[in-house]
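Pasted below: protein.pdb, PDB, C-alpha atoms and all ligand atoms.
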```pdb
ATOM      1  CA  MET A   1     -32.060 -55.646  55.478  1.00  0.00           C
ATOM      2  CA  ARG A   2     -32.236 -53.628  52.264  1.00  0.00           C
ATOM      3  CA  VAL A   3     -29.714 -53.094  49.488  1.00  0.00           C
ATOM      4  CA  ARG A   4     -29.286 -49.663  47.914  1.00  0.00           C
ATOM      5  CA  ASP A   5     -26.701 -47.511  46.161  1.00  0.00           C
ATOM      6  CA  ALA A   6     -24.002 -46.106  48.435  1.00  0.00           C
ATOM      7  CA  THR A   7     -23.807 -42.381  49.128  1.00  0.00           C
ATOM      8  CA  GLY A   8     -21.003 -40.274  50.581  1.00  0.00           C
ATOM      9  CA  GLU A   9     -22.560 -40.703  54.029  1.00  0.00           C
ATOM     10  CA  ASP A  10     -21.959 -44.467  53.855  1.00  0.00           C
ATOM     11  CA  VAL A  11     -18.190 -44.158  53.408  1.00  0.00           C
ATOM     12  CA  PRO A  12     -17.300 -44.415  57.135  1.00  0.00           C
ATOM     13  CA  GLY A  13     -19.417 -47.600  57.454  1.00  0.00           C
ATOM     14  CA  ILE A  14     -17.906 -49.074  54.275  1.00  0.00           C
ATOM     15  CA  LEU A  15     -14.403 -48.252  55.490  1.00  0.00           C
ATOM     16  CA  ALA A  16     -14.940 -49.716  58.965  1.00  0.00           C
ATOM     17  CA  ILE A  17     -15.910 -53.081  57.433  1.00  0.00           C
ATOM     18  CA  TYR A  18     -12.986 -52.961  55.010  1.00  0.00           C
ATOM     19  CA  ASN A  19     -10.409 -51.991  57.618  1.00  0.00           C
ATOM     20  CA  HIS A  20     -11.546 -54.780  59.945  1.00  0.00           C
ATOM     21  CA  ALA A  21     -11.009 -57.220  57.060  1.00  0.00           C
ATOM     22  CA  VAL A  22      -7.569 -55.711  56.391  1.00  0.00           C
ATOM     23  CA  LEU A  23      -6.479 -56.448  59.947  1.00  0.00           C
ATOM     24  CA  HIS A  24      -8.174 -59.821  60.482  1.00  0.00           C
ATOM     25  CA  THR A  25      -8.636 -61.609  57.141  1.00  0.00           C
ATOM     26  CA  THR A  26      -6.836 -62.666  53.978  1.00  0.00           C
ATOM     27  CA  ALA A  27      -9.653 -61.189  51.862  1.00  0.00           C
ATOM     28  CA  THR A  28      -7.465 -58.241  50.862  1.00  0.00           C
ATOM     29  CA  ALA A  29      -3.728 -57.890  50.274  1.00  0.00           C
ATOM     30  CA  ASP A  30      -3.804 -54.521  52.059  1.00  0.00           C
ATOM     31  CA  LEU A  31      -1.802 -54.727  55.290  1.00  0.00           C
ATOM     32  CA  GLU A  32      -2.650 -51.384  56.941  1.00  0.00           C
ATOM     33  CA  PRO A  33      -6.046 -49.735  57.573  1.00  0.00           C
ATOM     34  CA  GLN A  34      -6.893 -47.187  54.894  1.00  0.00           C
ATOM     35  CA  PRO A  35      -7.714 -43.503  55.574  1.00  0.00           C
ATOM     36  CA  LEU A  36     -11.170 -41.980  55.111  1.00  0.00           C
ATOM     37  CA  ALA A  37     -10.061 -39.565  52.391  1.00  0.00           C
ATOM     38  CA  ALA A  38      -8.858 -42.427  50.187  1.00  0.00           C
ATOM     39  CA  ARG A  39     -12.199 -44.249  50.552  1.00  0.00           C
ATOM     40  CA  LYS A  40     -14.109 -41.065  49.657  1.00  0.00           C
ATOM     41  CA  GLU A  41     -12.076 -40.807  46.465  1.00  0.00           C
ATOM     42  CA  TRP A  42     -12.629 -44.551  45.864  1.00  0.00           C
ATOM     43  CA  LEU A  43     -16.402 -43.961  45.865  1.00  0.00           C
ATOM     44  CA  ALA A  44     -16.122 -40.845  43.690  1.00  0.00           C
ATOM     45  CA  VAL A  45     -14.094 -42.740  41.053  1.00  0.00           C
ATOM     46  CA  ARG A  46     -16.813 -45.394  40.790  1.00  0.00           C
ATOM     47  CA  GLN A  47     -19.660 -42.858  40.730  1.00  0.00           C
ATOM     48  CA  ARG A  48     -17.946 -40.957  37.890  1.00  0.00           C
ATOM     49  CA  ALA A  49     -17.410 -44.188  35.935  1.00  0.00           C
ATOM     50  CA  GLY A  50     -20.989 -45.446  36.469  1.00  0.00           C
ATOM     51  CA  LEU A  51     -19.748 -48.496  38.406  1.00  0.00           C
ATOM     52  CA  ALA A  52     -22.183 -49.702  41.079  1.00  0.00           C
ATOM     53  CA  VAL A  53     -21.347 -49.460  44.791  1.00  0.00           C
ATOM     54  CA  LEU A  54     -24.099 -51.086  46.866  1.00  0.00           C
ATOM     55  CA  VAL A  55     -24.628 -51.233  50.618  1.00  0.00           C
ATOM     56  CA  ALA A  56     -26.770 -53.577  52.724  1.00  0.00           C
ATOM     57  CA  GLU A  57     -28.433 -51.554  55.470  1.00  0.00           C
ATOM     58  CA  ASP A  58     -29.933 -53.303  58.490  1.00  0.00           C
ATOM     59  CA  ASP A  59     -33.113 -52.277  60.307  1.00  0.00           C
ATOM     60  CA  THR A  60     -31.175 -49.910  62.581  1.00  0.00           C
ATOM     61  CA  GLY A  61     -29.654 -48.086  59.614  1.00  0.00           C
ATOM     62  CA  ALA A  62     -26.186 -49.613  60.130  1.00  0.00           C
ATOM     63  CA  ILE A  63     -24.175 -50.819  57.128  1.00  0.00           C
ATOM     64  CA  ALA A  64     -23.931 -54.637  57.344  1.00  0.00           C
ATOM     65  CA  GLY A  65     -22.005 -55.066  54.097  1.00  0.00           C
ATOM     66  CA  TRP A  66     -21.098 -53.551  50.777  1.00  0.00           C
ATOM     67  CA  ALA A  67     -20.184 -54.599  47.250  1.00  0.00           C
ATOM     68  CA  SER A  68     -18.612 -52.741  44.345  1.00  0.00           C
ATOM     69  CA  LEU A  69     -17.621 -52.952  40.718  1.00  0.00           C
ATOM     70  CA  ASN A  70     -14.047 -51.803  40.201  1.00  0.00           C
ATOM     71  CA  PRO A  71     -12.171 -50.717  37.089  1.00  0.00           C
ATOM     72  CA  TYR A  72     -10.004 -53.659  35.983  1.00  0.00           C
ATOM     73  CA  HIS A  73      -7.434 -52.113  33.656  1.00  0.00           C
ATOM     74  CA  ALA A  74      -6.744 -48.614  32.307  1.00  0.00           C
ATOM     75  CA  ARG A  75      -5.992 -49.760  28.732  1.00  0.00           C
ATOM     76  CA  PRO A  76      -9.172 -49.102  26.708  1.00  0.00           C
ATOM     77  CA  GLY A  77      -9.463 -52.577  25.209  1.00  0.00           C
ATOM     78  CA  TYR A  78     -10.379 -53.765  28.715  1.00  0.00           C
ATOM     79  CA  ARG A  79     -13.350 -51.379  29.001  1.00  0.00           C
ATOM     80  CA  PHE A  80     -15.959 -54.172  29.128  1.00  0.00           C
ATOM     81  CA  THR A  81     -14.174 -55.949  31.995  1.00  0.00           C
ATOM     82  CA  VAL A  82     -14.500 -55.078  35.716  1.00  0.00           C
ATOM     83  CA  GLU A  83     -13.467 -56.593  39.032  1.00  0.00           C
ATOM     84  CA  ASN A  84     -15.809 -56.919  41.980  1.00  0.00           C
ATOM     85  CA  SER A  85     -15.462 -56.612  45.765  1.00  0.00           C
ATOM     86  CA  VAL A  86     -17.842 -57.800  48.484  1.00  0.00           C
ATOM     87  CA  TYR A  87     -17.374 -57.369  52.238  1.00  0.00           C
ATOM     88  CA  VAL A  88     -19.784 -58.205  55.058  1.00  0.00           C
ATOM     89  CA  ALA A  89     -19.356 -57.071  58.675  1.00  0.00           C
ATOM     90  CA  GLU A  90     -18.040 -59.923  60.820  1.00  0.00           C
ATOM     91  CA  SER A  91     -21.189 -60.047  62.962  1.00  0.00           C
ATOM     92  CA  SER A  92     -23.420 -60.414  59.871  1.00  0.00           C
ATOM     93  CA  ARG A  93     -21.479 -63.081  57.939  1.00  0.00           C
ATOM     94  CA  GLY A  94     -23.030 -66.427  57.018  1.00  0.00           C
ATOM     95  CA  ARG A  95     -26.578 -65.056  56.996  1.00  0.00           C
ATOM     96  CA  GLY A  96     -27.061 -64.370  53.313  1.00  0.00           C
ATOM     97  CA  VAL A  97     -25.949 -60.718  53.235  1.00  0.00           C
ATOM     98  CA  GLY A  98     -23.184 -61.460  50.706  1.00  0.00           C
ATOM     99  CA  SER A  99     -25.739 -63.130  48.446  1.00  0.00           C
ATOM    100  CA  LEU A 100     -28.139 -60.228  48.923  1.00  0.00           C
ATOM    101  CA  LEU A 101     -25.409 -57.871  47.650  1.00  0.00           C
ATOM    102  CA  LEU A 102     -23.915 -59.947  44.839  1.00  0.00           C
ATOM    103  CA  ALA A 103     -27.223 -60.658  43.068  1.00  0.00           C
ATOM    104  CA  PRO A 104     -28.013 -57.001  42.253  1.00  0.00           C
ATOM    105  CA  LEU A 105     -24.329 -56.208  41.691  1.00  0.00           C
ATOM    106  CA  VAL A 106     -24.184 -58.769  38.871  1.00  0.00           C
ATOM    107  CA  GLU A 107     -27.435 -57.368  37.440  1.00  0.00           C
ATOM    108  CA  ARG A 108     -26.049 -53.840  37.524  1.00  0.00           C
ATOM    109  CA  ALA A 109     -22.896 -54.948  35.724  1.00  0.00           C
ATOM    110  CA  GLN A 110     -24.942 -56.588  32.991  1.00  0.00           C
ATOM    111  CA  ALA A 111     -27.202 -53.543  32.662  1.00  0.00           C
ATOM    112  CA  ALA A 112     -24.111 -51.313  32.316  1.00  0.00           C
ATOM    113  CA  GLY A 113     -22.885 -53.355  29.352  1.00  0.00           C
ATOM    114  CA  VAL A 114     -20.103 -55.192  31.196  1.00  0.00           C
ATOM    115  CA  HIS A 115     -19.001 -58.408  29.443  1.00  0.00           C
ATOM    116  CA  ALA A 116     -16.768 -59.970  32.119  1.00  0.00           C
ATOM    117  CA  ILE A 117     -16.575 -59.649  35.914  1.00  0.00           C
ATOM    118  CA  LEU A 118     -13.379 -60.901  37.553  1.00  0.00           C
ATOM    119  CA  ALA A 119     -12.936 -61.723  41.232  1.00  0.00           C
ATOM    120  CA  GLY A 120      -9.520 -62.325  42.781  1.00  0.00           C
ATOM    121  CA  VAL A 121     -10.031 -64.514  45.865  1.00  0.00           C
ATOM    122  CA  ASP A 122      -7.567 -65.942  48.389  1.00  0.00           C
ATOM    123  CA  SER A 123      -7.578 -69.684  47.657  1.00  0.00           C
ATOM    124  CA  THR A 124      -8.459 -70.517  51.294  1.00  0.00           C
ATOM    125  CA  ASN A 125     -11.478 -68.150  51.400  1.00  0.00           C
ATOM    126  CA  GLU A 126     -14.208 -70.814  51.229  1.00  0.00           C
ATOM    127  CA  ALA A 127     -17.058 -68.405  51.921  1.00  0.00           C
ATOM    128  CA  SER A 128     -16.088 -66.122  49.032  1.00  0.00           C
ATOM    129  CA  LEU A 129     -15.434 -69.030  46.634  1.00  0.00           C
ATOM    130  CA  ARG A 130     -18.872 -70.487  47.402  1.00  0.00           C
ATOM    131  CA  LEU A 131     -20.589 -67.114  47.256  1.00  0.00           C
ATOM    132  CA  HIS A 132     -19.184 -66.362  43.796  1.00  0.00           C
ATOM    133  CA  ALA A 133     -19.904 -69.898  42.522  1.00  0.00           C
ATOM    134  CA  ARG A 134     -23.526 -69.388  43.481  1.00  0.00           C
ATOM    135  CA  PHE A 135     -23.694 -66.433  41.079  1.00  0.00           C
ATOM    136  CA  GLY A 136     -22.141 -68.169  38.097  1.00  0.00           C
ATOM    137  CA  PHE A 137     -18.470 -67.281  38.579  1.00  0.00           C
ATOM    138  CA  GLU A 138     -16.084 -69.983  37.338  1.00  0.00           C
ATOM    139  CA  LYS A 139     -12.449 -70.528  38.227  1.00  0.00           C
ATOM    140  CA  VAL A 140     -10.183 -69.471  35.365  1.00  0.00           C
ATOM    141  CA  GLY A 141      -6.792 -69.459  37.042  1.00  0.00           C
ATOM    142  CA  GLN A 142      -4.703 -69.512  40.178  1.00  0.00           C
ATOM    143  CA  LEU A 143      -1.722 -67.253  40.857  1.00  0.00           C
ATOM    144  CA  ARG A 144       0.602 -69.100  43.194  1.00  0.00           C
ATOM    145  CA  GLN A 145       2.191 -67.445  46.236  1.00  0.00           C
ATOM    146  CA  VAL A 146       1.665 -63.841  45.093  1.00  0.00           C
ATOM    147  CA  VAL A 147       0.614 -62.371  48.476  1.00  0.00           C
ATOM    148  CA  TRP A 148       2.600 -62.460  51.734  1.00  0.00           C
ATOM    149  CA  LYS A 149       0.302 -61.837  54.702  1.00  0.00           C
ATOM    150  CA  PHE A 150       0.117 -63.173  58.270  1.00  0.00           C
ATOM    151  CA  ASP A 151       3.562 -64.810  57.808  1.00  0.00           C
ATOM    152  CA  ARG A 152       2.576 -67.004  54.906  1.00  0.00           C
ATOM    153  CA  TRP A 153       2.262 -67.051  51.121  1.00  0.00           C
ATOM    154  CA  LEU A 154      -1.242 -66.882  49.668  1.00  0.00           C
ATOM    155  CA  ASP A 155      -2.481 -68.057  46.272  1.00  0.00           C
ATOM    156  CA  VAL A 156      -5.039 -65.888  44.487  1.00  0.00           C
ATOM    157  CA  VAL A 157      -7.765 -67.699  42.542  1.00  0.00           C
ATOM    158  CA  TYR A 158      -9.285 -65.786  39.630  1.00  0.00           C
ATOM    159  CA  LEU A 159     -12.997 -66.304  39.070  1.00  0.00           C
ATOM    160  CA  GLU A 160     -14.865 -64.978  36.051  1.00  0.00           C
ATOM    161  CA  ARG A 161     -18.514 -64.366  35.245  1.00  0.00           C
ATOM    162  CA  LEU A 162     -19.230 -63.764  31.553  1.00  0.00           C
ATOM    163  CA  PHE A 163     -22.399 -62.279  30.059  1.00  0.00           C
TER     164      PHE A 163
HETATM  165  C1  LIG B   1     -17.134 -63.741  51.727  1.00  0.00           C
HETATM  166  C2  LIG B   1     -18.342 -63.006  52.315  1.00  0.00           C
HETATM  167  C3  LIG B   1     -18.564 -61.703  51.524  1.00  0.00           C
HETATM  168  C4  LIG B   1     -19.577 -63.915  52.141  1.00  0.00           C
HETATM  169  O1  LIG B   1     -20.716 -63.212  52.594  1.00  0.00           O
HETATM  170  P1  LIG B   1     -21.751 -63.917  53.579  1.00  0.00           P
HETATM  171  O2  LIG B   1     -22.863 -62.989  53.816  1.00  0.00           O
HETATM  172  O3  LIG B   1     -21.001 -64.413  54.754  1.00  0.00           O
HETATM  173  O4  LIG B   1     -22.210 -65.151  52.650  1.00  0.00           O
HETATM  174  P2  LIG B   1     -23.645 -65.788  52.534  1.00  0.00           P
HETATM  175  O5  LIG B   1     -24.238 -65.983  53.892  1.00  0.00           O
HETATM  176  O6  LIG B   1     -24.450 -65.038  51.523  1.00  0.00           O
HETATM  177  O7  LIG B   1     -23.265 -67.230  51.955  1.00  0.00           O
HETATM  178  C5  LIG B   1     -22.779 -67.399  50.628  1.00  0.00           C
HETATM  179  C6  LIG B   1     -22.225 -68.797  50.457  1.00  0.00           C
HETATM  180  O8  LIG B   1     -21.011 -68.934  51.229  1.00  0.00           O
HETATM  181  C7  LIG B   1     -21.146 -70.006  52.160  1.00  0.00           C
HETATM  182  N1  LIG B   1     -20.448 -69.619  53.382  1.00  0.00           N
HETATM  183  C8  LIG B   1     -20.728 -68.560  54.180  1.00  0.00           C
HETATM  184  N2  LIG B   1     -19.859 -68.513  55.185  1.00  0.00           N
HETATM  185  C9  LIG B   1     -19.023 -69.561  55.010  1.00  0.00           C
HETATM  186  C10 LIG B   1     -17.896 -70.036  55.722  1.00  0.00           C
HETATM  187  N3  LIG B   1     -17.459 -69.403  56.828  1.00  0.00           N
HETATM  188  N4  LIG B   1     -17.256 -71.121  55.256  1.00  0.00           N
HETATM  189  C11 LIG B   1     -17.676 -71.752  54.136  1.00  0.00           C
HETATM  190  N5  LIG B   1     -18.738 -71.328  53.406  1.00  0.00           N
HETATM  191  C12 LIG B   1     -19.396 -70.252  53.852  1.00  0.00           C
HETATM  192  C13 LIG B   1     -22.634 -70.162  52.352  1.00  0.00           C
HETATM  193  O9  LIG B   1     -22.960 -71.475  52.785  1.00  0.00           O
HETATM  194  C14 LIG B   1     -23.142 -69.890  50.977  1.00  0.00           C
HETATM  195  O10 LIG B   1     -22.891 -71.009  50.138  1.00  0.00           O
HETATM  196  P3  LIG B   1     -24.051 -71.779  49.365  1.00  0.00           P
HETATM  197  O11 LIG B   1     -24.712 -70.737  48.502  1.00  0.00           O
HETATM  198  O12 LIG B   1     -23.306 -72.806  48.589  1.00  0.00           O
HETATM  199  O13 LIG B   1     -24.936 -72.291  50.452  1.00  0.00           O
HETATM  200  C15 LIG B   1     -18.187 -62.697  53.832  1.00  0.00           C
HETATM  201  O14 LIG B   1     -17.955 -63.893  54.524  1.00  0.00           O
HETATM  202  C16 LIG B   1     -17.065 -61.708  54.128  1.00  0.00           C
HETATM  203  O15 LIG B   1     -17.274 -60.514  54.078  1.00  0.00           O
HETATM  204  N6  LIG B   1     -15.851 -62.209  54.448  1.00  0.00           N
HETATM  205  C17 LIG B   1     -14.711 -61.335  54.719  1.00  0.00           C
HETATM  206  C18 LIG B   1     -14.357 -60.471  53.498  1.00  0.00           C
HETATM  207  C19 LIG B   1     -14.179 -61.318  52.253  1.00  0.00           C
HETATM  208  O16 LIG B   1     -13.654 -62.408  52.289  1.00  0.00           O
HETATM  209  N7  LIG B   1     -14.616 -60.752  51.110  1.00  0.00           N
HETATM  210  C20 LIG B   1     -14.457 -61.384  49.812  1.00  0.00           C
HETATM  211  C21 LIG B   1     -13.153 -60.988  49.229  1.00  0.00           C
HETATM  212  S1  LIG B   1     -12.867 -61.843  47.674  1.00  0.00           S
END
```
Translate this structure into structure tokens?
Ligand SMILES: CC(C)(COP(=O)(O)OP(=O)(O)OC[C@H]1O[C@@H](n2cnc3c(N)ncnc32)[C@H](O)[C@@H]1OP(=O)(O)O)[C@@H](O)C(=O)NCCC(=O)NCCS
Amino acid sequence: MRVRDATGEDVPGILAIYNHAVLHTTATADLEPQPLAARKEWLAVRQRAGLAVLVAEDDTGAIAGWASLNPYHARPGYRFTVENSVYVAESSRGRGVGSLLLAPLVERAQAAGVHAILAGVDSTNEASLRLHARFGFEKVGQLRQVVWKFDRWLDVVYLERLF
């Protein structure tokens, strides 16, 4: 497994992992699979802004997971704050791939002059809560019942890593 910057050729692999999570997990508040064109633009936005998008590639060349830094807020006072995303293919979860991605993602944020990384995590997502805790993210708040998915309300926990 190796971690590297994403290229345009990785977008279908990134999207397949994301869309599976849309349909089967509470990791994202999206309810419908997203189209390829939107994910291409998603990557282009981050490349233009200098925000890291990393992929974990297995020995066969398949994308086993990805992680990104995302713009947090358009108002310029927020320019040192980003959000992060991390998604691992179902068949590769629980084997350290998330950790393999988050470590360099945090380093890249710091190197880019980011001051705060935020992560919004479903309060029942134990794997994500533990993963982020491992990399120094601390709980700073909990939004109650802000997402309706799979016929129930979900709380979103906000985690923050400061530099
Ligand atoms: C959350 C996710 C990215 C974690 O990646 P991963 O490769 O499975 O995680 P790792 O194997 O690196 O393990 C990281 C930590 O989570 C823990 N963990 C992993 N799977 C777990 C599970 N199913 N339940 C509880 N804890 C779990 C590990 O024990 C480890 O904790 P530790 O450092 O305290 O030992 C991955 O499970 C995933 O993609 N899930 C679906 C999408 C998602 O939830 N993304 C995050 C959105 S905020």
To check your reading of the model: which residues sit at most 10 Å from ligand LIG 1 (chain B) when counting all atoms listed in the file? Write the answer as a compact mmCIF listing (two decimals) with C-alpha atoms, in the coordinates of the input.
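Output saved as result36.txt:
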```
# COMPACT_ATOMS: atom_id res chain seq x y z
CA ILE A 17 -15.91 -53.08 57.43
CA TYR A 18 -12.99 -52.96 55.01
CA HIS A 20 -11.55 -54.78 59.94
CA ALA A 21 -11.01 -57.22 57.06
CA VAL A 22 -7.57 -55.71 56.39
CA HIS A 24 -8.17 -59.82 60.48
CA THR A 25 -8.64 -61.61 57.14
CA THR A 26 -6.84 -62.67 53.98
CA ALA A 27 -9.65 -61.19 51.86
CA THR A 28 -7.46 -58.24 50.86
CA ALA A 29 -3.73 -57.89 50.27
CA ALA A 64 -23.93 -54.64 57.34
CA GLY A 65 -22.00 -55.07 54.10
CA TRP A 66 -21.10 -53.55 50.78
CA ALA A 67 -20.18 -54.60 47.25
CA ASN A 84 -15.81 -56.92 41.98
CA SER A 85 -15.46 -56.61 45.76
CA VAL A 86 -17.84 -57.80 48.48
CA TYR A 87 -17.37 -57.37 52.24
CA VAL A 88 -19.78 -58.20 55.06
CA ALA A 89 -19.36 -57.07 58.68
CA GLU A 90 -18.04 -59.92 60.82
CA SER A 91 -21.19 -60.05 62.96
CA SER A 92 -23.42 -60.41 59.87
CA ARG A 93 -21.48 -63.08 57.94
CA GLY A 94 -23.03 -66.43 57.02
CA ARG A 95 -26.58 -65.06 57.00
CA GLY A 96 -27.06 -64.37 53.31
CA VAL A 97 -25.95 -60.72 53.24
CA GLY A 98 -23.18 -61.46 50.71
CA SER A 99 -25.74 -63.13 48.45
CA LEU A 100 -28.14 -60.23 48.92
CA LEU A 101 -25.41 -57.87 47.65
CA LEU A 102 -23.92 -59.95 44.84
CA ALA A 103 -27.22 -60.66 43.07
CA ALA A 119 -12.94 -61.72 41.23
CA GLY A 120 -9.52 -62.32 42.78
CA VAL A 121 -10.03 -64.51 45.86
CA ASP A 122 -7.57 -65.94 48.39
CA SER A 123 -7.58 -69.68 47.66
CA THR A 124 -8.46 -70.52 51.29
CA ASN A 125 -11.48 -68.15 51.40
CA GLU A 126 -14.21 -70.81 51.23
CA ALA A 127 -17.06 -68.40 51.92
CA SER A 128 -16.09 -66.12 49.03
CA LEU A 129 -15.43 -69.03 46.63
CA ARG A 130 -18.87 -70.49 47.40
CA LEU A 131 -20.59 -67.11 47.26
CA HIS A 132 -19.18 -66.36 43.80
CA ALA A 133 -19.90 -69.90 42.52
CA ARG A 134 -23.53 -69.39 43.48
CA PHE A 135 -23.69 -66.43 41.08
CA VAL A 156 -5.04 -65.89 44.49
CA VAL A 157 -7.76 -67.70 42.54
CA TYR A 158 -9.28 -65.79 39.63
CA LEU A 159 -13.00 -66.30 39.07
```
(request) Check what the PyMOL selection byres (((chain A and resi 49) around 12) and not hetatm) selects in the file above and give those residues as a ChimeraX atom specification. (result) /A:42-48,50-53,69-71,79,82,112
(request) Can you work out the spacing between CA of Leu54 in chain A and CA of Arg39 in chain A in Å, to one decimal? (result)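 So the two atoms, CA of Leu54 in chain A and CA of Arg39 in chain A, lie 14.2 Å apart.
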(request) Select, from A:Val146, A:Val11, A:Val114, A:Ala37, the residue with the minimum atom-to-atom distance to Tyr72 in chain A, counting only C-alpha atoms. (result)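 Using only C-alpha atoms, the shortest distance to Tyr72 in chain A belongs to A:Val114.
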(message) Just checking: using all atoms listed in the file, which residue out of A:Glu83, A:Asp30, A:Asp58, A:Glu41 ends up closest to Val147 in chain A?
(response)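 Counting all atoms listed in the file, the residue closest to Val147 in chain A is A:Asp30.
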(message) Would you compute the distance between CA of Gly136 in chain A and CA of Tyr78 in chain A? Give it in Å to one decimal.
(response)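 If I compute the distance from CA of Gly136 in chain A to CA of Tyr78 in chain A, I get 20.8 Å.
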(request) In Å, rounded to a single decimal, give me how far CA of Glu32 in chain A is from CA of Ser68 in chain A. (result)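 For CA of Ser68 in chain A relative to CA of Glu32 in chain A, the distance reads 20.4 Å.
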(message) Using all atoms listed in the file for the distances, tell me which of A:Leu31, A:Leu23, A:Ile63, A:Leu118 is nearest to Ala6 in chain A.
(response)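 Checking each candidate against Ala6 in chain A, we get A:Ile63 as the closest.
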(request) Fewer than 4 positions away in the same chain doesn't count, so skip those; otherwise give me all residues within 9 Å of Ala116 in chain A, counting all atoms listed in the file, as JSON, numbers by chain. (result) {"A": [80, 81, 82, 83, 109, 110, 160, 161, 162, 163]}
Keeping only C-alpha atoms, write the selected residues as a tab-separated table (two decimals), keeping the file's coordinate frame.
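That gives us result.tsv:
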```
chain	number	residue	atom	x	y	z
A	80	PHE	CA	-15.96	-54.17	29.13
A	81	THR	CA	-14.17	-55.95	32.00
A	82	VAL	CA	-14.50	-55.08	35.72
A	83	GLU	CA	-13.47	-56.59	39.03
A	109	ALA	CA	-22.90	-54.95	35.72
A	110	GLN	CA	-24.94	-56.59	32.99
A	160	GLU	CA	-14.86	-64.98	36.05
A	161	ARG	CA	-18.51	-64.37	35.24
A	162	LEU	CA	-19.23	-63.76	31.55
A	163	PHE	CA	-22.40	-62.28	30.06
```
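Proximity ranking of A:Val140, A:Ala111, A:Ile117, A:Ala62 relative to Met1 in chain A places A:Ala62 first, based on all atoms listed in the file.
Remark: for Leu15 in chain A, the closest of the candidate residues A:Arg75, A:Glu107, A:Ala38, A:Gly113 is A:Ala38 (distances computed over all atoms listed in the file).
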(request) Using all atoms listed in the file, collect all residues at a distance of at most 8 Å from (-2.7, -70.9, 41.2) as written in the file, then present them as a list in words. (result) Gly141, Gln142, Leu143, Arg144, Gln145, Asp155, Val156 and Val157 of chain A
Please save C-alpha atoms of the selected residues as an mmCIF file, in the coordinates of the input.
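File part-v1.cif, as written:
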```cif
data_model
loop_
_atom_site.group_PDB
_atom_site.id
_atom_site.type_symbol
_atom_site.label_atom_id
_atom_site.label_comp_id
_atom_site.auth_asym_id
_atom_site.auth_seq_id
_atom_site.Cartn_x
_atom_site.Cartn_y
_atom_site.Cartn_z
ATOM 1 C CA GLY A 141 -6.792 -69.459 37.042
ATOM 2 C CA GLN A 142 -4.703 -69.512 40.178
ATOM 3 C CA LEU A 143 -1.722 -67.253 40.857
ATOM 4 C CA ARG A 144 0.602 -69.100 43.194
ATOM 5 C CA GLN A 145 2.191 -67.445 46.236
ATOM 6 C CA ASP A 155 -2.481 -68.057 46.272
ATOM 7 C CA VAL A 156 -5.039 -65.888 44.487
ATOM 8 C CA VAL A 157 -7.765 -67.699 42.542
#
```
(request) Name the closest residue to Val106 in chain A among the candidates A:Thr7, A:Leu154, A:Ile14, A:Phe137; distances are taken between atoms, counting all atoms listed in the file. (result) A:Phe137
Would you mind writing range 50-61 of chain A with N, CA and C atoms, as a PDB file, in the coordinates of the input?
```pdb
ATOM      1  N   GLY A  50     -19.727 -44.702  36.580  1.00  0.00           N
ATOM      2  CA  GLY A  50     -20.989 -45.446  36.469  1.00  0.00           C
ATOM      3  C   GLY A  50     -20.876 -46.878  36.946  1.00  0.00           C
ATOM      4  N   LEU A  51     -19.926 -47.150  37.849  1.00  0.00           N
ATOM      5  CA  LEU A  51     -19.748 -48.496  38.406  1.00  0.00           C
ATOM      6  C   LEU A  51     -20.483 -48.578  39.738  1.00  0.00           C
ATOM      7  N   ALA A  52     -21.310 -49.608  39.900  1.00  0.00           N
ATOM      8  CA  ALA A  52     -22.183 -49.702  41.079  1.00  0.00           C
ATOM      9  C   ALA A  52     -21.386 -49.909  42.368  1.00  0.00           C
ATOM     10  N   VAL A  53     -21.777 -49.184  43.414  1.00  0.00           N
ATOM     11  CA  VAL A  53     -21.347 -49.460  44.791  1.00  0.00           C
ATOM     12  C   VAL A  53     -22.632 -49.600  45.602  1.00  0.00           C
ATOM     13  N   LEU A  54     -22.863 -50.798  46.144  1.00  0.00           N
ATOM     14  CA  LEU A  54     -24.099 -51.086  46.866  1.00  0.00           C
ATOM     15  C   LEU A  54     -23.803 -51.315  48.342  1.00  0.00           C
ATOM     16  N   VAL A  55     -24.749 -50.926  49.193  1.00  0.00           N
ATOM     17  CA  VAL A  55     -24.628 -51.233  50.618  1.00  0.00           C
ATOM     18  C   VAL A  55     -25.865 -52.005  51.064  1.00  0.00           C
ATOM     19  N   ALA A  56     -25.660 -52.898  52.054  1.00  0.00           N
ATOM     20  CA  ALA A  56     -26.770 -53.577  52.724  1.00  0.00           C
ATOM     21  C   ALA A  56     -26.945 -52.888  54.067  1.00  0.00           C
ATOM     22  N   GLU A  57     -28.136 -52.346  54.274  1.00  0.00           N
ATOM     23  CA  GLU A  57     -28.433 -51.554  55.470  1.00  0.00           C
ATOM     24  C   GLU A  57     -29.384 -52.369  56.349  1.00  0.00           C
ATOM     25  N   ASP A  58     -29.032 -52.524  57.626  1.00  0.00           N
ATOM     26  CA  ASP A  58     -29.933 -53.303  58.490  1.00  0.00           C
ATOM     27  C   ASP A  58     -31.058 -52.418  59.033  1.00  0.00           C
ATOM     28  N   ASP A  59     -31.914 -52.995  59.856  1.00  0.00           N
ATOM     29  CA  ASP A  59     -33.113 -52.277  60.307  1.00  0.00           C
ATOM     30  C   ASP A  59     -32.784 -51.078  61.175  1.00  0.00           C
ATOM     31  N   THR A  60     -31.565 -51.045  61.752  1.00  0.00           N
ATOM     32  CA  THR A  60     -31.175 -49.910  62.581  1.00  0.00           C
ATOM     33  C   THR A  60     -30.493 -48.811  61.767  1.00  0.00           C
ATOM     34  N   GLY A  61     -30.332 -49.067  60.460  1.00  0.00           N
ATOM     35  CA  GLY A  61     -29.654 -48.086  59.614  1.00  0.00           C
ATOM     36  C   GLY A  61     -28.155 -48.289  59.531  1.00  0.00           C
TER      37      GLY A  61
END
```
